[in-house]
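One file, coords.cif, carrying mmCIF, N, CA and C atoms:
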```cif
data_structure
#
loop_
_atom_site.label_atom_id
_atom_site.label_comp_id
_atom_site.auth_asym_id
_atom_site.auth_seq_id
_atom_site.Cartn_x
_atom_site.Cartn_y
_atom_site.Cartn_z
N SER A 289 0.83 -1.19 0.00
CA SER A 289 0.00 0.00 0.00
C SER A 289 0.88 1.25 0.00
N GLN A 290 0.28 2.35 -0.35
CA GLN A 290 1.04 3.60 -0.39
C GLN A 290 1.47 4.03 1.01
N GLN A 291 0.61 3.80 1.99
CA GLN A 291 0.95 4.20 3.35
C GLN A 291 2.15 3.41 3.87
N LEU A 292 2.17 2.11 3.62
CA LEU A 292 3.30 1.29 4.07
C LEU A 292 4.57 1.67 3.32
N ALA A 293 4.47 2.00 2.05
CA ALA A 293 5.64 2.44 1.28
C ALA A 293 6.22 3.71 1.89
N LYS A 294 5.36 4.63 2.31
CA LYS A 294 5.83 5.87 2.93
C LYS A 294 6.49 5.58 4.28
N LEU A 295 5.90 4.67 5.05
CA LEU A 295 6.50 4.31 6.34
C LEU A 295 7.85 3.62 6.14
N ARG A 296 7.97 2.79 5.11
CA ARG A 296 9.26 2.15 4.81
C ARG A 296 10.29 3.20 4.40
N ALA A 297 9.89 4.13 3.55
CA ALA A 297 10.81 5.18 3.10
C ALA A 297 11.29 6.04 4.26
N ALA A 298 10.44 6.22 5.26
CA ALA A 298 10.80 7.03 6.43
C ALA A 298 11.59 6.24 7.46
N GLY A 299 11.74 4.92 7.25
CA GLY A 299 12.49 4.11 8.20
C GLY A 299 11.70 3.71 9.43
N VAL A 300 10.39 3.89 9.39
CA VAL A 300 9.55 3.53 10.53
C VAL A 300 9.33 2.03 10.58
N VAL A 301 9.14 1.41 9.41
CA VAL A 301 8.93 -0.03 9.33
C VAL A 301 9.89 -0.63 8.32
N SER A 302 10.11 -1.93 8.46
CA SER A 302 10.86 -2.69 7.46
C SER A 302 9.97 -3.84 7.01
N ALA A 303 10.32 -4.43 5.89
CA ALA A 303 9.50 -5.51 5.35
C ALA A 303 10.40 -6.64 4.89
N ARG A 304 9.83 -7.84 4.94
CA ARG A 304 10.52 -9.00 4.37
C ARG A 304 9.47 -9.90 3.75
N ARG A 305 9.86 -10.56 2.70
CA ARG A 305 8.95 -11.44 2.00
C ARG A 305 9.02 -12.83 2.61
N GLN A 306 7.85 -13.42 2.82
CA GLN A 306 7.75 -14.80 3.29
C GLN A 306 6.73 -15.48 2.38
N GLY A 307 7.25 -16.20 1.39
CA GLY A 307 6.37 -16.79 0.40
C GLY A 307 5.71 -15.69 -0.41
N ARG A 308 4.40 -15.72 -0.49
CA ARG A 308 3.67 -14.69 -1.23
C ARG A 308 3.31 -13.50 -0.35
N ARG A 309 3.63 -13.56 0.92
CA ARG A 309 3.27 -12.50 1.86
C ARG A 309 4.43 -11.54 2.07
N GLN A 310 4.08 -10.32 2.40
CA GLN A 310 5.04 -9.30 2.78
C GLN A 310 4.80 -9.03 4.26
N LEU A 311 5.79 -9.29 5.10
CA LEU A 311 5.64 -9.08 6.54
C LEU A 311 6.33 -7.77 6.93
N TYR A 312 5.65 -6.97 7.73
CA TYR A 312 6.17 -5.68 8.15
C TYR A 312 6.48 -5.71 9.64
N ARG A 313 7.47 -4.92 10.00
CA ARG A 313 7.90 -4.83 11.40
C ARG A 313 8.23 -3.38 11.72
N VAL A 314 7.84 -2.94 12.90
CA VAL A 314 8.18 -1.58 13.33
C VAL A 314 9.67 -1.56 13.66
N ASP A 315 10.40 -0.64 13.03
CA ASP A 315 11.84 -0.53 13.24
C ASP A 315 12.24 0.64 14.13
N ASP A 316 11.33 1.53 14.41
CA ASP A 316 11.65 2.71 15.21
C ASP A 316 11.51 2.35 16.69
N PRO A 317 12.62 2.33 17.44
CA PRO A 317 12.54 1.92 18.85
C PRO A 317 11.67 2.85 19.70
N HIS A 318 11.54 4.11 19.31
CA HIS A 318 10.68 5.02 20.06
C HIS A 318 9.21 4.62 19.94
N ILE A 319 8.80 4.22 18.74
CA ILE A 319 7.42 3.79 18.54
C ILE A 319 7.16 2.50 19.31
N VAL A 320 8.12 1.58 19.28
CA VAL A 320 7.98 0.33 20.03
C VAL A 320 7.82 0.64 21.51
N ALA A 321 8.60 1.57 22.03
CA ALA A 321 8.53 1.92 23.45
C ALA A 321 7.18 2.56 23.80
N VAL A 322 6.67 3.43 22.93
CA VAL A 322 5.38 4.08 23.19
C VAL A 322 4.26 3.05 23.19
N VAL A 323 4.25 2.15 22.21
CA VAL A 323 3.21 1.12 22.15
C VAL A 323 3.31 0.19 23.37
N ALA A 324 4.52 -0.19 23.74
CA ALA A 324 4.70 -1.04 24.92
C ALA A 324 4.19 -0.34 26.18
N ALA A 325 4.46 0.96 26.31
CA ALA A 325 3.98 1.71 27.47
C ALA A 325 2.46 1.79 27.48
N MET A 326 1.85 1.98 26.30
CA MET A 326 0.38 2.01 26.22
C MET A 326 -0.20 0.67 26.64
N LEU A 327 0.36 -0.42 26.14
CA LEU A 327 -0.14 -1.74 26.50
C LEU A 327 0.04 -2.02 27.98
N ASP A 328 1.17 -1.61 28.55
CA ASP A 328 1.38 -1.79 29.99
C ASP A 328 0.36 -0.99 30.80
N HIS A 329 -0.02 0.17 30.27
CA HIS A 329 -0.98 1.02 30.97
C HIS A 329 -2.40 0.46 30.91
N ILE A 330 -2.82 -0.01 29.72
CA ILE A 330 -4.21 -0.47 29.59
C ILE A 330 -4.39 -1.92 29.98
N ALA A 331 -3.31 -2.69 29.99
CA ALA A 331 -3.42 -4.11 30.36
C ALA A 331 -2.18 -4.53 31.12
N PRO A 332 -2.01 -4.03 32.36
CA PRO A 332 -0.79 -4.33 33.10
C PRO A 332 -0.56 -5.81 33.36
N ASP A 333 -1.63 -6.60 33.37
CA ASP A 333 -1.45 -8.04 33.58
C ASP A 333 -1.18 -8.78 32.28
N GLY A 334 -1.16 -8.06 31.16
CA GLY A 334 -0.84 -8.67 29.87
C GLY A 334 -2.02 -9.27 29.15
N THR A 335 -3.22 -9.16 29.71
CA THR A 335 -4.38 -9.75 29.04
C THR A 335 -5.17 -8.68 28.32
N LEU A 336 -5.35 -8.87 27.04
CA LEU A 336 -6.16 -7.96 26.24
C LEU A 336 -7.38 -8.65 25.67
N ALA A 337 -7.46 -9.95 25.80
CA ALA A 337 -8.57 -10.71 25.23
C ALA A 337 -8.93 -11.84 26.17
N ALA A 338 -10.02 -12.49 25.84
CA ALA A 338 -10.43 -13.66 26.63
C ALA A 338 -9.40 -14.77 26.47
N PRO A 339 -9.30 -15.65 27.45
CA PRO A 339 -8.35 -16.76 27.33
C PRO A 339 -8.66 -17.60 26.09
N PRO A 340 -7.64 -18.19 25.47
CA PRO A 340 -7.88 -18.99 24.27
C PRO A 340 -8.66 -20.26 24.59
N ASP A 341 -9.35 -20.75 23.60
CA ASP A 341 -10.11 -22.00 23.71
C ASP A 341 -9.11 -23.15 23.80
N PRO A 342 -9.12 -23.94 24.87
CA PRO A 342 -8.13 -25.02 25.02
C PRO A 342 -8.25 -26.10 23.94
N ARG A 343 -9.37 -26.13 23.23
CA ARG A 343 -9.54 -27.14 22.18
C ARG A 343 -8.86 -26.75 20.87
N ARG A 344 -8.46 -25.49 20.75
CA ARG A 344 -7.81 -25.03 19.53
C ARG A 344 -6.30 -25.04 19.72
N PRO A 345 -5.55 -25.36 18.67
CA PRO A 345 -4.09 -25.32 18.80
C PRO A 345 -3.61 -23.89 19.01
N PRO A 346 -2.52 -23.70 19.74
CA PRO A 346 -2.02 -22.34 19.99
C PRO A 346 -1.57 -21.68 18.69
N ARG A 347 -1.80 -20.38 18.60
CA ARG A 347 -1.37 -19.62 17.42
C ARG A 347 0.07 -19.19 17.59
N GLN A 348 0.76 -19.06 16.49
CA GLN A 348 2.11 -18.53 16.49
C GLN A 348 2.02 -17.02 16.67
N PRO A 349 2.94 -16.40 17.40
CA PRO A 349 2.92 -14.95 17.55
C PRO A 349 3.14 -14.28 16.20
N ARG A 350 2.45 -13.16 15.99
CA ARG A 350 2.58 -12.45 14.72
C ARG A 350 3.73 -11.46 14.76
N PHE A 351 4.15 -11.05 15.93
CA PHE A 351 5.29 -10.15 16.06
C PHE A 351 5.89 -10.31 17.44
N VAL A 352 7.09 -9.83 17.57
CA VAL A 352 7.75 -9.86 18.86
C VAL A 352 8.36 -8.50 19.11
N ARG A 353 8.52 -8.17 20.36
CA ARG A 353 9.19 -6.90 20.68
C ARG A 353 10.66 -7.00 20.35
N ALA A 354 11.18 -5.92 19.82
CA ALA A 354 12.61 -5.90 19.45
C ALA A 354 13.45 -5.52 20.64
#
```
Starting from the coordinates I provided, produce the structure as structure tokens.
Amino acid sequence: SQQLAKLRAAGVVSARRQGRRQLYRVDDPHIVAVVAAMLDHIAPDGTLAAPPDPRRPPRQPRFVRA
């Protein structure tokens, strides 16, 4: 998308190809810190959703903190 291209050009995100998909990652440590602080503030115990259904296999994480 045009927005992601602009973010890549600005050095905010990076991308890598995985098969037919393009995976994006936030590269700006300040943005990562701000988002982490927001998540710590709104969900200090780390829960943002209902617990997963034990009958479903666990999902792979879509991103990790840098």
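CA of Asp341 (chain A) lies 24.1 Å from CA of Asp328 (chain A).
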Write down as a list of chain:residue names the residues of chain A whose backbone DSSP state falls under helix (DSSP H, G or I). A:Gln290, A:Gln291, A:Leu292, A:Ala293, A:Lys294, A:Leu295, A:Arg296, A:Ala297, A:Pro317, A:His318, A:Ile319, A:Val320, A:Ala321, A:Val322, A:Val323, A:Ala324, A:Ala325, A:Met326, A:Leu327, A:Asp328, A:His329, A:Ile330
Write out as AutoDock Vina command-line options an axis-aligned box for region 320-327 of chain A: all of its atoms listed in the file, 6 Å added on each side, centre and edge lengths in Å with one decimal.
```
--center_x 4.2 --center_y 1.0 --center_z 23.6 --size_x 20.8 --size_y 18.1 --size_z 20.7
```
Picked residues, the PyMOL selection byres ((chain A and resi 315) around 7), expected as a list in words: Gly299, Val300, Val301, Ser302, Arg313, Val314, Asp316, Pro317, His318, Ile319 and Val320 of chain A
Could you jot down the atom C of Thr335 (chain A) to atom N of Val323 (chain A) separation for me, Å, one decimal place?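 Going from atom C of Thr335 (chain A) over to atom N of Val323 (chain A) covers 15.6 Å.
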